[in-house]
$ cat input.tsv   # TSV, C-alpha atoms (C1' of nucleotides)
chain	number	residue	atom	x	y	z
J	1	MET	CA	33.96	7.62	-10.28
J	2	SER	CA	36.29	7.07	-13.09
J	3	ALA	CA	36.34	9.37	-15.97
J	4	ALA	CA	34.95	7.76	-18.77
J	5	ALA	CA	34.45	6.85	-22.24
J	6	SER	CA	31.95	9.10	-23.84
J	7	PRO	CA	29.81	12.04	-22.83
J	8	ALA	CA	26.27	10.97	-22.14
J	9	PRO	CA	23.48	12.94	-23.77
J	10	ARG	CA	21.34	14.69	-21.17
J	11	PRO	CA	18.13	16.62	-21.24
J	12	LYS	CA	18.33	20.32	-20.71
J	13	GLY	CA	16.55	22.38	-18.10
J	14	THR	CA	16.33	19.51	-15.72
J	15	ARG	CA	18.35	16.41	-15.43
J	16	GLN	CA	16.77	12.97	-15.16
J	17	ARG	CA	13.42	14.43	-14.27
J	18	GLY	CA	12.60	15.14	-17.82
J	19	VAL	CA	13.12	11.56	-18.79
J	20	ILE	CA	10.95	10.29	-15.98
J	21	SER	CA	8.00	12.52	-16.68
J	22	ARG	CA	8.34	11.84	-20.39
J	23	LEU	CA	8.11	8.11	-19.75
J	24	LEU	CA	5.12	8.68	-17.56
J	25	ILE	CA	3.35	10.68	-20.21
J	26	ALA	CA	4.19	8.20	-22.92
J	27	ALA	CA	2.95	5.24	-20.92
J	28	GLU	CA	-0.18	3.40	-21.99
J	29	GLY	CA	-1.44	3.52	-18.44
J	30	PRO	CA	-0.27	4.01	-14.87
J	31	LEU	CA	3.12	2.55	-14.01
J	32	SER	CA	4.60	1.14	-10.84
J	33	VAL	CA	7.82	2.58	-9.50
J	34	PRO	CA	9.86	-0.54	-10.35
J	35	GLU	CA	8.45	-0.52	-13.86
J	36	LEU	CA	9.07	3.18	-14.33
J	37	HIS	CA	12.54	2.84	-12.88
J	38	SER	CA	13.39	-0.04	-15.13
J	39	ARG	CA	12.17	1.80	-18.21
J	40	ALA	CA	14.21	4.83	-17.22
J	41	LEU	CA	17.31	2.74	-16.65
J	42	THR	CA	17.63	2.07	-20.34
J	43	GLU	CA	18.22	5.77	-20.83
J	44	LEU	CA	19.87	6.57	-17.52
J	45	PRO	CA	21.93	3.57	-16.42
J	46	SER	CA	22.84	5.06	-13.06
J	47	LEU	CA	19.39	6.25	-12.05
J	48	GLY	CA	18.56	5.46	-8.43
J	49	VAL	CA	15.09	4.72	-7.12
J	50	ALA	CA	15.32	7.66	-4.77
J	51	THR	CA	15.38	10.01	-7.70
J	52	VAL	CA	12.38	8.30	-9.20
J	53	TYR	CA	10.44	8.75	-5.97
J	54	ARG	CA	11.63	12.32	-5.58
J	55	THR	CA	10.62	13.15	-9.10
J	56	LEU	CA	7.24	11.55	-8.69
J	57	LYS	CA	6.64	13.52	-5.53
J	58	LEU	CA	7.59	16.70	-7.31
J	59	LEU	CA	5.34	15.92	-10.23
J	60	GLN	CA	2.50	15.24	-7.83
J	61	GLU	CA	3.03	18.53	-6.04
J	62	GLN	CA	2.96	20.30	-9.36
J	63	GLY	CA	-0.19	18.46	-10.25
J	64	ALA	CA	1.54	16.87	-13.21
J	65	ALA	CA	1.13	13.34	-11.93
J	66	HIS	CA	-0.91	11.45	-9.41
J	67	ILE	CA	-0.98	8.13	-7.70
J	68	VAL	CA	-3.40	5.30	-8.41
J	69	THR	CA	-3.53	2.44	-5.98
J	70	LEU	CA	-4.64	-0.75	-7.59
J	71	ASP	CA	-4.74	-4.08	-5.80
J	72	GLY	CA	-2.54	-2.64	-3.13
J	73	GLU	CA	0.12	-1.57	-5.54
J	74	ASN	CA	0.95	2.08	-6.08
J	75	LEU	CA	0.98	3.17	-9.68
J	76	TYR	CA	1.74	6.60	-11.05
J	77	GLU	CA	0.13	8.32	-13.94
J	78	ALA	CA	0.55	11.61	-15.75
J	79	SER	CA	-2.27	14.06	-15.09
J	80	GLY	CA	-4.24	16.03	-17.57
J	81	ARG	CA	-6.13	13.29	-19.25
J	82	GLY	CA	-9.45	14.41	-17.92
J	83	HIS	CA	-11.97	12.13	-16.31
J	84	HIS	CA	-11.11	8.51	-16.88
J	85	HIS	CA	-10.92	5.13	-15.23
J	86	HIS	CA	-8.80	2.02	-15.41
J	87	PHE	CA	-8.97	-1.50	-16.61
J	88	ALA	CA	-6.71	-4.12	-15.07
J	89	CYS	CA	-6.14	-7.23	-17.13
J	90	ARG	CA	-6.18	-10.33	-15.01
J	91	SER	CA	-4.09	-12.23	-17.50
J	92	CYS	CA	-1.21	-9.97	-18.41
J	93	GLY	CA	-1.48	-7.73	-15.39
J	94	ARG	CA	-1.26	-4.59	-17.43
J	95	VAL	CA	-3.37	-1.58	-16.53
J	96	PHE	CA	-5.09	0.43	-19.22
J	97	THR	CA	-6.71	3.81	-19.25
J	98	LEU	CA	-10.35	3.89	-20.28
J	99	SER	CA	-11.84	6.90	-21.94
J	100	THR	CA	-15.50	6.28	-21.31
J	101	CYS	CA	-17.10	6.38	-17.89
J	102	PRO	CA	-19.64	3.73	-16.88
J	103	VAL	CA	-21.33	5.73	-14.14
J	104	ALA	CA	-23.57	8.77	-14.13
J	105	LEU	CA	-22.74	10.46	-10.87
J	106	PRO	CA	-22.05	14.14	-11.40
J	107	PRO	CA	-20.63	15.92	-8.36
J	108	GLY	CA	-23.42	16.92	-6.04
J	109	THR	CA	-25.43	13.79	-6.61
J	110	VAL	CA	-26.95	12.48	-3.41
J	111	TYR	CA	-26.50	8.76	-3.33
J	112	PRO	CA	-29.03	6.47	-1.62
J	113	GLY	CA	-28.39	6.71	2.09
J	114	GLY	CA	-27.72	10.42	1.99
J	115	PHE	CA	-24.13	10.33	0.75
J	116	VAL	CA	-23.17	13.45	-1.13
J	117	VAL	CA	-20.97	12.39	-3.99
J	118	GLU	CA	-18.09	14.65	-4.90
J	119	ALA	CA	-16.08	12.23	-6.98
J	120	HIS	CA	-15.93	8.61	-7.95
J	121	GLU	CA	-13.44	6.03	-9.00
J	122	VAL	CA	-14.07	2.96	-11.08
J	123	THR	CA	-11.79	0.07	-11.88
J	124	LEU	CA	-12.73	-2.74	-14.19
J	125	TYR	CA	-11.10	-6.15	-14.10
J	126	GLY	CA	-11.09	-8.77	-16.80
J	127	GLN	CA	-9.35	-9.61	-20.05
J	128	CYS	CA	-7.76	-6.96	-22.19
J	129	PRO	CA	-8.38	-7.19	-25.94
J	130	ALA	CA	-5.11	-9.00	-26.58
J	131	CYS	CA	-5.57	-11.56	-23.83
J	132	ALA	CA	-9.23	-12.04	-24.69
J	133	ALA	CA	-8.23	-12.82	-28.26
J	134	ALA	CA	-5.44	-15.16	-27.20
J	135	GLN	CA	-7.76	-17.28	-25.13
J	136	GLY	CA	-11.38	-17.23	-24.06
F	1	MET	CA	-23.71	-11.22	24.70
F	2	SER	CA	-22.63	-14.26	26.60
F	3	ALA	CA	-23.49	-15.96	29.85
F	4	ALA	CA	-21.93	-13.87	32.58
F	5	ALA	CA	-21.00	-16.60	35.00
F	6	SER	CA	-17.77	-18.54	35.23
F	7	PRO	CA	-17.36	-20.00	31.75
F	8	ALA	CA	-15.05	-17.59	30.00
F	9	PRO	CA	-16.74	-16.20	26.92
F	10	ARG	CA	-14.23	-17.50	24.45
F	11	PRO	CA	-14.97	-19.05	21.11
F	12	LYS	CA	-14.15	-22.69	20.67
F	13	GLY	CA	-11.48	-23.85	18.36
F	14	THR	CA	-9.86	-20.46	18.21
F	15	ARG	CA	-8.65	-17.93	20.69
F	16	GLN	CA	-8.53	-14.22	19.85
F	17	ARG	CA	-9.36	-14.94	16.26
F	18	GLY	CA	-12.99	-15.02	17.20
F	19	VAL	CA	-12.94	-11.54	18.62
F	20	ILE	CA	-11.18	-10.14	15.62
F	21	SER	CA	-13.51	-11.62	13.07
F	22	ARG	CA	-16.49	-10.61	15.17
F	23	LEU	CA	-15.33	-7.01	15.17
F	24	LEU	CA	-14.80	-7.19	11.45
F	25	ILE	CA	-18.29	-8.49	10.89
F	26	ALA	CA	-19.83	-5.93	13.21
F	27	ALA	CA	-18.04	-3.02	11.58
F	28	GLU	CA	-19.96	-0.47	9.58
F	29	GLY	CA	-17.42	-0.74	6.83
F	30	PRO	CA	-13.87	-1.87	6.13
F	31	LEU	CA	-11.34	-1.23	8.89
F	32	SER	CA	-7.65	-0.50	8.87
F	33	VAL	CA	-5.34	-2.70	10.89
F	34	PRO	CA	-4.61	0.01	13.48
F	35	GLU	CA	-8.32	0.67	13.87
F	36	LEU	CA	-9.18	-3.00	14.14
F	37	HIS	CA	-6.33	-3.53	16.56
F	38	SER	CA	-7.40	-0.66	18.74
F	39	ARG	CA	-10.99	-1.87	18.84
F	40	ALA	CA	-9.83	-5.34	19.77
F	41	LEU	CA	-7.59	-4.03	22.51
F	42	THR	CA	-10.59	-3.03	24.57
F	43	GLU	CA	-11.45	-6.71	24.81
F	44	LEU	CA	-7.97	-8.18	24.62
F	45	PRO	CA	-5.57	-5.79	26.33
F	46	SER	CA	-2.48	-7.76	25.38
F	47	LEU	CA	-3.30	-8.33	21.75
F	48	GLY	CA	-0.34	-7.78	19.46
F	49	VAL	CA	-0.54	-6.49	15.91
F	50	ALA	CA	1.09	-9.66	14.65
F	51	THR	CA	-1.93	-11.63	15.73
F	52	VAL	CA	-4.21	-9.21	13.99
F	53	TYR	CA	-2.29	-9.60	10.77
F	54	ARG	CA	-2.11	-13.36	11.16
F	55	THR	CA	-5.81	-13.60	11.78
F	56	LEU	CA	-6.60	-11.40	8.83
F	57	LYS	CA	-4.45	-13.54	6.60
F	58	LEU	CA	-6.22	-16.65	7.84
F	59	LEU	CA	-9.61	-15.12	7.32
F	60	GLN	CA	-8.63	-14.14	3.81
F	61	GLU	CA	-7.45	-17.65	3.01
F	62	GLN	CA	-10.74	-18.99	4.27
F	63	GLY	CA	-12.56	-16.46	2.17
F	64	ALA	CA	-14.10	-14.94	5.27
F	65	ALA	CA	-12.49	-11.57	4.77
F	66	HIS	CA	-10.81	-9.60	2.05
F	67	ILE	CA	-8.69	-6.55	1.64
F	68	VAL	CA	-9.82	-3.25	0.22
F	69	THR	CA	-7.17	-0.73	-0.68
F	70	LEU	CA	-8.44	2.79	-0.50
F	71	ASP	CA	-6.26	5.83	-1.04
F	72	GLY	CA	-3.23	3.66	-0.53
F	73	GLU	CA	-4.41	2.38	2.81
F	74	ASN	CA	-5.23	-1.26	3.35
F	75	LEU	CA	-8.60	-1.91	4.90
F	76	TYR	CA	-10.14	-5.23	5.78
F	77	GLU	CA	-13.73	-6.25	5.49
F	78	ALA	CA	-15.75	-9.34	6.27
F	79	SER	CA	-16.89	-11.21	3.19
F	80	GLY	CA	-20.32	-12.45	2.39
F	81	ARG	CA	-22.10	-9.19	1.93
F	82	GLY	CA	-22.67	-9.76	-1.72
F	83	HIS	CA	-21.95	-7.19	-4.36
F	84	HIS	CA	-21.32	-3.77	-2.90
F	85	HIS	CA	-19.11	-0.73	-3.07
F	86	HIS	CA	-17.68	1.88	-0.76
F	87	PHE	CA	-18.09	5.48	0.11
F	88	ALA	CA	-15.20	7.36	1.67
F	89	CYS	CA	-16.09	10.51	3.55
F	90	ARG	CA	-13.62	13.27	2.88
F	91	SER	CA	-14.46	14.97	6.14
F	92	CYS	CA	-14.43	12.30	8.79
F	93	GLY	CA	-12.38	9.81	6.82
F	94	ARG	CA	-14.73	6.98	7.60
F	95	VAL	CA	-15.49	4.40	4.96
F	96	PHE	CA	-19.03	3.11	4.49
F	97	THR	CA	-20.46	0.18	2.66
F	98	LEU	CA	-23.00	0.98	0.00
F	99	SER	CA	-25.74	-1.44	-0.89
F	100	THR	CA	-26.69	-0.16	-4.30
F	101	CYS	CA	-24.44	-0.36	-7.32
F	102	PRO	CA	-24.14	2.61	-9.68
F	103	VAL	CA	-22.93	0.68	-12.70
F	104	ALA	CA	-24.53	-1.82	-15.02
F	105	LEU	CA	-21.67	-4.04	-16.05
F	106	PRO	CA	-22.57	-7.68	-15.63
F	107	PRO	CA	-19.66	-10.10	-16.06
F	108	GLY	CA	-19.09	-10.77	-19.71
F	109	THR	CA	-19.86	-7.26	-20.80
F	110	VAL	CA	-17.49	-6.07	-23.48
F	111	TYR	CA	-16.46	-2.55	-22.69
F	112	PRO	CA	-15.63	-0.02	-25.43
F	113	GLY	CA	-12.15	-0.85	-26.66
F	114	GLY	CA	-12.72	-4.57	-26.48
F	115	PHE	CA	-12.15	-5.07	-22.79
F	116	VAL	CA	-14.01	-8.07	-21.43
F	117	VAL	CA	-15.29	-7.12	-18.01
F	118	GLU	CA	-15.25	-9.80	-15.33
F	119	ALA	CA	-15.66	-7.59	-12.31
F	120	HIS	CA	-15.70	-3.98	-11.29
F	121	GLU	CA	-14.97	-1.85	-8.31
F	122	VAL	CA	-16.45	1.51	-7.51
F	123	THR	CA	-15.53	3.96	-4.79
F	124	LEU	CA	-17.40	7.15	-4.15
F	125	TYR	CA	-15.88	10.11	-2.36
F	126	GLY	CA	-17.70	12.98	-0.71
F	127	GLN	CA	-19.57	13.85	2.45
F	128	CYS	CA	-21.26	11.20	4.53
F	129	PRO	CA	-24.77	12.00	5.82
F	130	ALA	CA	-23.49	13.16	9.20
F	131	CYS	CA	-20.78	15.40	7.80
F	132	ALA	CA	-23.07	16.73	5.10
F	133	ALA	CA	-25.57	17.71	7.77
F	134	ALA	CA	-22.91	19.25	10.01
F	135	GLN	CA	-21.70	21.57	7.31
F	136	GLY	CA	-22.79	22.36	3.78
D	1	DA	C1'	1.54	-34.21	26.98
D	2	DT	C1'	0.35	-32.21	22.35
D	3	DG	C1'	-0.67	-29.13	19.00
D	4	DG	C1'	-2.48	-24.94	17.84
D	5	DT	C1'	-2.20	-19.86	19.30
D	6	DT	C1'	0.04	-15.67	20.79
D	7	DG	C1'	3.43	-11.89	22.01
D	8	DC	C1'	7.76	-10.03	21.17
D	9	DA	C1'	11.22	-8.75	18.43
D	10	DA	C1'	13.88	-9.37	14.37
D	11	DA	C1'	13.32	-9.52	9.47
D	12	DC	C1'	11.44	-7.48	5.27
D	13	DA	C1'	9.68	-4.54	1.48
D	14	DG	C1'	8.37	-0.07	-0.04
D	15	DT	C1'	9.17	4.85	0.51
D	16	DT	C1'	11.48	8.93	2.40
D	17	DT	C1'	15.35	11.67	3.93
D	18	DG	C1'	20.31	13.29	5.11
D	19	DC	C1'	24.47	14.20	3.19
D	20	DA	C1'	28.44	14.73	0.24
D	21	DT	C1'	29.18	15.01	-4.57
D	22	DC	C1'	28.24	16.26	-9.35
D	23	DC	C1'	26.15	19.09	-12.90
D	24	DT	C1'	24.16	23.03	-15.18
D	25	DG	C1'	24.23	27.71	-15.78
G	1	DC	C1'	31.13	29.59	-8.21
G	2	DA	C1'	26.37	28.90	-6.53
G	3	DG	C1'	22.34	26.36	-6.23
G	4	DG	C1'	19.86	22.65	-7.65
G	5	DA	C1'	19.89	17.60	-8.74
G	6	DT	C1'	21.46	12.92	-7.80
G	7	DG	C1'	23.31	8.50	-5.75
G	8	DC	C1'	23.96	5.97	-1.72
G	9	DA	C1'	22.77	4.46	2.47
G	10	DA	C1'	20.44	5.14	6.75
G	11	DA	C1'	15.84	5.97	8.55
G	12	DC	C1'	10.93	4.99	8.60
G	13	DT	C1'	6.43	2.72	8.25
G	14	DG	C1'	3.63	-1.09	7.38
G	15	DT	C1'	3.57	-6.20	7.19
G	16	DT	C1'	5.52	-10.85	7.87
G	17	DT	C1'	8.06	-14.41	10.24
G	18	DG	C1'	10.94	-17.10	13.85
G	19	DC	C1'	10.73	-18.64	18.26
G	20	DA	C1'	9.79	-19.66	22.98
G	21	DA	C1'	6.05	-19.37	26.15
G	22	DC	C1'	1.02	-20.35	26.72
G	23	DC	C1'	-3.55	-22.42	26.67
G	24	DA	C1'	-7.23	-25.71	25.74
G	25	DT	C1'	-8.00	-30.26	24.99

$ encode --input "input.tsv" --output "structure tokens"
Amino acid sequence: MSAAASPAPRPKGTRQRGVISRLLIAAEGPLSVPELHSRALTELPSLGVATVYRTLKLLQEQGAAHIVTLDGENLYEASGRGHHHHFACRSCGRVFTLSTCPVALPPGTVYPGGFVVEAHEVTLYGQCPACAAAQG
Amino acid sequence: MSAAASPAPRPKGTRQRGVISRLLIAAEGPLSVPELHSRALTELPSLGVATVYRTLKLLQEQGAAHIVTLDGENLYEASGRGHHHHFACRSCGRVFTLSTCPVALPPGTVYPGGFVVEAHEVTLYGQCPACAAAQG
DNA sequence: ATGGTTGCAAACAGTTTGCATCCTG
DNA sequence: CAGGATGCAAACTGTTTGCAACCAT
């Protein structure tokens, strides 16, 4: 590579990883790899996807992030937000994090049929506030 | 069951597609492509995966089947069972279809935050009856 | 014979991994 | 200078598609 023009500012302690996890934490909801990569590119022009995947895997192993598969697409989200679910807007496609839970199924509950529930996942689909306001 | 004599027991108008959709309908829950393929192989020894995928795509276009992504794996399920959800056993890995719904969110409901709910999806994780009985 | 169906393999998209290089300490 | 981090490209896995052979009508 050619030497360059100006020294780029970089995070300390880790290299691009910091930026990636920061973006993940700052996100309004789970992000796809392309989306995360593209957001990171504005700060790290030479970032490769491999690094994004590697970082995500690391974060998952550390329990700092986890994967959410929605409509067949893999999204990543920072951990530590406690119990929550997601809302996928059918108009703008964005995914939001919901704070309230619509089901009462504490771990240990025996569901009709004899299924012992240990955890549950809920995803709501519809119109987000903005899209609902824009059109009916 | 079909007549055992000479007339080959093949559906009219389609070839292996019939077998595949029959297996899908008979399944106890959504199936993965490898699983569906392997079940079909017992009846159609030369069946290729491509045909399975092609058939599934056709069935989806006809609204006779739909995809269910669970833990990042794509599963296929016959349609027409009305509103239902799934239970994934963490021990045996099998996925079951539940008949009762644990949430009360009729379409049109406005969820806290202003999200207009059009549909919802629920997945429960835990021990299926068999696995729960086998071990605590 | 004709058109829809299928198997095989190549093509593809998303994700992971090997390797040489670059960076931080 | 050493060890970890990164980019690039090859390797993989799951899914789709092109094409010639195949089957039922």

$ atom_distance --input "input.tsv" --atom1 "CA of His37 (chain F)" --atom2 "CA of Glu73 (chain J)"
23.1 Å

$ closest_atom_pairs --input "input.tsv" --of "chain J" --to "chain F" --cutoff "6 Å" --atoms "only C-alpha atoms" --output "JSON lines"
{"residue": "J:Thr69", "atom": "CA", "partner": "F:Gly72", "partner_atom": "CA", "distance": 5.6}
{"residue": "J:Gly72", "atom": "CA", "partner": "F:Thr69", "partner_atom": "CA", "distance": 5.6}
{"residue": "J:Val103", "atom": "CA", "partner": "F:Val103", "partner_atom": "CA", "distance": 5.5}
{"residue": "J:Gly114", "atom": "CA", "partner": "F:Pro129", "partner_atom": "CA", "distance": 5.1}
{"residue": "J:Phe115", "atom": "CA", "partner": "F:Cys128", "partner_atom": "CA", "distance": 4.8}
{"residue": "J:Val116", "atom": "CA", "partner": "F:Gln127", "partner_atom": "CA", "distance": 5.1}
{"residue": "J:Val117", "atom": "CA", "partner": "F:Gly126", "partner_atom": "CA", "distance": 4.7}
{"residue": "J:Glu118", "atom": "CA", "partner": "F:Gly126", "partner_atom": "CA", "distance": 4.5}
{"residue": "J:Ala119", "atom": "CA", "partner": "F:Tyr125", "partner_atom": "CA", "distance": 5.1}
{"residue": "J:His120", "atom": "CA", "partner": "F:Leu124", "partner_atom": "CA", "distance": 4.3}
{"residue": "J:Glu121", "atom": "CA", "partner": "F:Thr123", "partner_atom": "CA", "distance": 5.1}
{"residue": "J:Val122", "atom": "CA", "partner": "F:Val122", "partner_atom": "CA", "distance": 4.5}
{"residue": "J:Thr123", "atom": "CA", "partner": "F:Glu121", "partner_atom": "CA", "distance": 5.2}
{"residue": "J:Leu124", "atom": "CA", "partner": "F:His120", "partner_atom": "CA", "distance": 4.3}
{"residue": "J:Tyr125", "atom": "CA", "partner": "F:Ala119", "partner_atom": "CA", "distance": 5.1}
{"residue": "J:Gly126", "atom": "CA", "partner": "F:Glu118", "partner_atom": "CA", "distance": 4.5}
{"residue": "J:Gln127", "atom": "CA", "partner": "F:Val116", "partner_atom": "CA", "distance": 5.1}
{"residue": "J:Cys128", "atom": "CA", "partner": "F:Phe115", "partner_atom": "CA", "distance": 4.8}
{"residue": "J:Pro129", "atom": "CA", "partner": "F:Gly114", "partner_atom": "CA", "distance": 5.1}

$ atom_distance --input "input.tsv" --atom1 "CA of Val49 (chain F)" --atom2 "CA of Cys92 (chain F)"
24.4 Å

$ interface_residues --input "input.tsv" --of "chain D" --to "chain J" --cutoff "9 Å" --atoms "only C-alpha atoms (C1' of nucleotides)" --output "PyMOL selection string"
chain D and resi 15-16+23-24

$ atom_distance --input "input.tsv" --atom1 "C1' of DT15 (chain G)" --atom2 "CA of Leu24 (chain J)"
28.9 Å

$ interface_residues --input "input.tsv" --of "chain J" --to "chain G" --cutoff "8 Å" --atoms "all atoms listed in the file" --output "number ranges by chain"
J: 15, 47-48, 51

$ calpha_fit_rmsd --input "input.tsv" --fixed "chain J" --moving "chain F"
4.4 Å
